[in-house]
Amino acid sequence: QVQLIESGGALVQAGGSLRLSCAASGRTSTLAAMGWFRQAPGQDRDFVAATRWGGGLTYAADYADSVKGRFTISRDNAKNTVYLQMNSLKPEDTATYYCAVAQTSGALKVPRDVDYWGKGTLVIVSS
């Protein structure tokens with residue numbers, strides 16, 4: 001089992017920035033991909049960003065088109081923590097953000113790829 005604890009959600013004005021964190025604990029020996037999804041009220045849970053093992057000591061990042069150039073995902077393997085730096089926030093970024101892990105597969109693009117979910121952290125962007 002892997003436990004995921006998110007933090008960093010808040011109310012912020014449009015154009016502002018936030019950094020989300022997600023710390024993994026438990027069976028963390030293999031965390032092939034870590035990332036974030038988000039879900040707005042009444043909407044599906046959508047992919048935001050993920051960092052996946054790219055071979056050797058490298059990790060590759062993937063982003064949803066809607067956040068490219070504004071959000072940056074990073075990972076600290078020593079702390080089993082993944083971060084999401086969100087800049088130039090827009091009201092349409094308002095959602096609950098969920099940390100997600102795929103333990104053995106590098107794919108983390110749709111909810112069915114996810115092995116473990118966090119409980120979510122709420123981000124509200126006011127206009």
# chains A, B, ... in the order shown; residues from 1 in each chain; ligands from 1
call {"tool": "closest_atom_pairs", "arguments": {"of": "range 30-74 of chain A", "to": "range 113-123 of chain A", "cutoff": "10 Å", "atoms": "only C-alpha atoms", "output": "tab-separated table"}}
result
residue	atom	partner	partner_atom	distance
A:Leu31	CA	A:Asp115	CA	9.9
A:Ala33	CA	A:Val114	CA	9.1
A:Met34	CA	A:Val114	CA	9.1
A:Gly35	CA	A:Val114	CA	9.5
A:Trp36	CA	A:Trp117	CA	9.3
A:Phe37	CA	A:Gly120	CA	9.3
A:Arg38	CA	A:Gly120	CA	8.5
A:Gln39	CA	A:Gly120	CA	9.3
A:Ala40	CA	A:Leu122	CA	9.6
call {"tool": "write_last_selection", "arguments": {"atoms": "C-alpha atoms", "output": "short mmCIF file (atom, residue, chain, number, x, y, z; two decimals), in the first residue's frame"}}
result
data_model
loop_
_atom_site.label_atom_id
_atom_site.label_comp_id
_atom_site.auth_asym_id
_atom_site.auth_seq_id
_atom_site.Cartn_x
_atom_site.Cartn_y
_atom_site.Cartn_z
CA LEU A 31 6.93 4.66 -7.85
CA ALA A 33 5.12 7.61 -12.17
CA MET A 34 3.78 10.32 -9.87
CA GLY A 35 1.49 13.09 -10.90
CA TRP A 36 -1.63 15.15 -10.55
CA PHE A 37 -5.19 15.06 -11.74
CA ARG A 38 -7.91 17.60 -11.03
CA GLN A 39 -11.64 17.55 -10.78
CA ALA A 40 -13.96 20.52 -10.88
#
call {"tool": "closest_residue", "arguments": {"among": "A:Leu11, A:Ala23, A:Ala50, A:Ala61", "to": "Asp76 in chain A", "atoms": "only C-alpha atoms"}}
result
A:Ala23
call {"tool": "closest_residue", "arguments": {"among": "A:Val48, A:Phe71, A:Leu20, A:Ser7", "to": "Val110 in chain A", "atoms": "only C-alpha atoms"}}
result
A:Val48
call {"tool": "select_by_dssp", "arguments": {"residues": "range 15-99 of chain A", "states": "helix (DSSP H, G or I)", "output": "JSON, numbers by chain"}}
result
{"A": [77, 78, 79, 91, 92, 93]}
call {"tool": "write_last_selection", "arguments": {"atoms": "C-alpha atoms", "output": "PDB file, in the first residue's frame"}}
result
ATOM      1  CA  ASN A  77      13.005  10.934  -4.836  1.00  0.00           C
ATOM      2  CA  ALA A  78      14.839  11.183  -1.527  1.00  0.00           C
ATOM      3  CA  LYS A  79      11.633  12.505   0.046  1.00  0.00           C
ATOM      4  CA  PRO A  91     -10.339  30.783 -12.698  1.00  0.00           C
ATOM      5  CA  GLU A  92     -10.728  27.662 -14.844  1.00  0.00           C
ATOM      6  CA  ASP A  93      -7.931  26.040 -12.836  1.00  0.00           C
TER       7      ASP A  93
END
call {"tool": "closest_residue", "arguments": {"among": "A:Gln43, A:Thr72, A:Ser25, A:Gln1", "to": "Asn87 in chain A", "atoms": "only C-alpha atoms"}}
result
A:Thr72
call {"tool": "closest_residue", "arguments": {"among": "A:Ala107, A:Ala49, A:Gly69, A:Leu89", "to": "Ile124 in chain A", "atoms": "only C-alpha atoms"}}
result
A:Leu89
call {"tool": "select_by_dssp", "arguments": {"residues": "chain A", "states": "strand (DSSP E)", "output": "PyMOL selection string"}}
result
chain A and resi 2-7+11-13+18-26+33-39+45-55+58-63+71-76+81-86+95-102+116-117+121-126
call {"tool": "atom_distance", "arguments": {"atom1": "CA of Pro111 in chain A", "atom2": "CA of Val125 in chain A"}}
result
24.0 Å
call {"tool": "closest_residue", "arguments": {"among": "A:Thr51, A:Ser105, A:Thr28, A:Gln3", "to": "Ser74 in chain A", "atoms": "only C-alpha atoms"}}
result
A:Thr51
call {"tool": "decode", "arguments": {"residues": "range 78-118 of chain A", "atoms": "N, CA and C atoms", "output": "short mmCIF file (atom, residue, chain, number, x, y, z; two decimals), in the first residue's frame"}}
result
data_model
loop_
_atom_site.label_atom_id
_atom_site.label_comp_id
_atom_site.auth_asym_id
_atom_site.auth_seq_id
_atom_site.Cartn_x
_atom_site.Cartn_y
_atom_site.Cartn_z
N ALA A 78 14.37 11.42 -2.90
CA ALA A 78 14.84 11.18 -1.53
C ALA A 78 13.70 11.36 -0.52
N LYS A 79 12.76 12.23 -0.85
CA LYS A 79 11.63 12.50 0.05
C LYS A 79 10.35 11.84 -0.42
N ASN A 80 10.42 11.11 -1.54
CA ASN A 80 9.22 10.49 -2.13
C ASN A 80 8.10 11.53 -2.27
N THR A 81 8.46 12.68 -2.77
CA THR A 81 7.54 13.80 -2.86
C THR A 81 7.51 14.34 -4.29
N VAL A 82 6.32 14.68 -4.73
CA VAL A 82 6.15 15.31 -6.02
C VAL A 82 5.51 16.68 -5.80
N TYR A 83 5.93 17.64 -6.59
CA TYR A 83 5.47 19.02 -6.46
C TYR A 83 4.81 19.46 -7.76
N LEU A 84 3.88 20.40 -7.63
CA LEU A 84 3.28 21.02 -8.80
C LEU A 84 3.31 22.52 -8.58
N GLN A 85 4.20 23.18 -9.30
CA GLN A 85 4.27 24.64 -9.25
C GLN A 85 3.29 25.18 -10.27
N MET A 86 2.34 25.98 -9.82
CA MET A 86 1.29 26.50 -10.69
C MET A 86 1.42 28.01 -10.75
N ASN A 87 1.71 28.52 -11.92
CA ASN A 87 1.84 29.96 -12.13
C ASN A 87 0.76 30.45 -13.06
N SER A 88 0.56 31.75 -13.09
CA SER A 88 -0.43 32.37 -13.98
C SER A 88 -1.77 31.65 -13.87
N LEU A 89 -2.21 31.46 -12.66
CA LEU A 89 -3.44 30.72 -12.44
C LEU A 89 -4.65 31.44 -13.01
N LYS A 90 -5.59 30.64 -13.50
CA LYS A 90 -6.81 31.15 -14.10
C LYS A 90 -8.02 30.61 -13.32
N PRO A 91 -9.14 31.31 -13.38
CA PRO A 91 -10.34 30.78 -12.70
C PRO A 91 -10.68 29.36 -13.13
N GLU A 92 -10.41 29.02 -14.38
CA GLU A 92 -10.73 27.66 -14.84
C GLU A 92 -9.80 26.60 -14.28
N ASP A 93 -8.77 27.01 -13.54
CA ASP A 93 -7.93 26.04 -12.84
C ASP A 93 -8.54 25.62 -11.50
N THR A 94 -9.64 26.26 -11.13
CA THR A 94 -10.31 25.92 -9.87
C THR A 94 -10.77 24.47 -9.89
N ALA A 95 -10.33 23.70 -8.90
CA ALA A 95 -10.65 22.28 -8.84
C ALA A 95 -10.05 21.68 -7.57
N THR A 96 -10.45 20.47 -7.28
CA THR A 96 -9.72 19.67 -6.30
C THR A 96 -8.61 18.94 -7.03
N TYR A 97 -7.40 19.08 -6.55
CA TYR A 97 -6.24 18.47 -7.18
C TYR A 97 -5.87 17.20 -6.41
N TYR A 98 -5.74 16.12 -7.16
CA TYR A 98 -5.46 14.81 -6.58
C TYR A 98 -4.08 14.33 -6.99
N CYS A 99 -3.31 13.93 -6.02
CA CYS A 99 -2.03 13.27 -6.30
C CYS A 99 -2.30 11.83 -6.72
N ALA A 100 -1.48 11.34 -7.64
CA ALA A 100 -1.70 9.99 -8.16
C ALA A 100 -0.38 9.29 -8.38
N VAL A 101 -0.39 7.99 -8.21
CA VAL A 101 0.81 7.18 -8.39
C VAL A 101 0.49 5.95 -9.23
N ALA A 102 1.39 5.66 -10.16
CA ALA A 102 1.39 4.37 -10.86
C ALA A 102 2.66 3.68 -10.42
N GLN A 103 2.50 2.52 -9.76
CA GLN A 103 3.68 1.93 -9.13
C GLN A 103 4.65 1.30 -10.10
N THR A 104 4.15 0.61 -11.09
CA THR A 104 5.07 -0.10 -11.98
C THR A 104 4.98 0.37 -13.41
N SER A 105 3.89 0.93 -13.80
CA SER A 105 3.73 1.41 -15.17
C SER A 105 4.15 2.86 -15.25
N GLY A 106 4.81 3.23 -16.33
CA GLY A 106 5.17 4.63 -16.52
C GLY A 106 4.04 5.47 -17.05
N ALA A 107 2.94 4.82 -17.40
CA ALA A 107 1.82 5.56 -17.95
C ALA A 107 0.99 6.16 -16.82
N LEU A 108 0.73 7.44 -16.90
CA LEU A 108 -0.12 8.12 -15.91
C LEU A 108 -0.79 9.27 -16.64
N LYS A 109 -1.79 8.92 -17.43
CA LYS A 109 -2.49 9.91 -18.25
C LYS A 109 -3.99 9.89 -18.05
N VAL A 110 -4.53 8.76 -17.65
CA VAL A 110 -5.97 8.64 -17.42
C VAL A 110 -6.19 7.97 -16.06
N PRO A 111 -7.35 8.19 -15.47
CA PRO A 111 -7.59 7.62 -14.14
C PRO A 111 -7.35 6.13 -14.02
N ARG A 112 -7.59 5.36 -15.07
CA ARG A 112 -7.39 3.91 -14.96
C ARG A 112 -5.92 3.53 -14.85
N ASP A 113 -5.02 4.47 -15.12
CA ASP A 113 -3.58 4.21 -14.95
C ASP A 113 -3.16 4.25 -13.49
N VAL A 114 -4.01 4.82 -12.64
CA VAL A 114 -3.61 5.14 -11.27
C VAL A 114 -3.76 3.94 -10.35
N ASP A 115 -2.71 3.67 -9.57
CA ASP A 115 -2.77 2.63 -8.55
C ASP A 115 -3.22 3.19 -7.20
N TYR A 116 -2.79 4.42 -6.91
CA TYR A 116 -3.15 5.03 -5.62
C TYR A 116 -3.49 6.50 -5.83
N TRP A 117 -4.48 6.94 -5.06
CA TRP A 117 -4.91 8.34 -5.07
C TRP A 117 -4.71 8.97 -3.71
N GLY A 118 -4.41 10.26 -3.70
CA GLY A 118 -4.52 11.03 -2.48
C GLY A 118 -5.96 11.46 -2.29
#
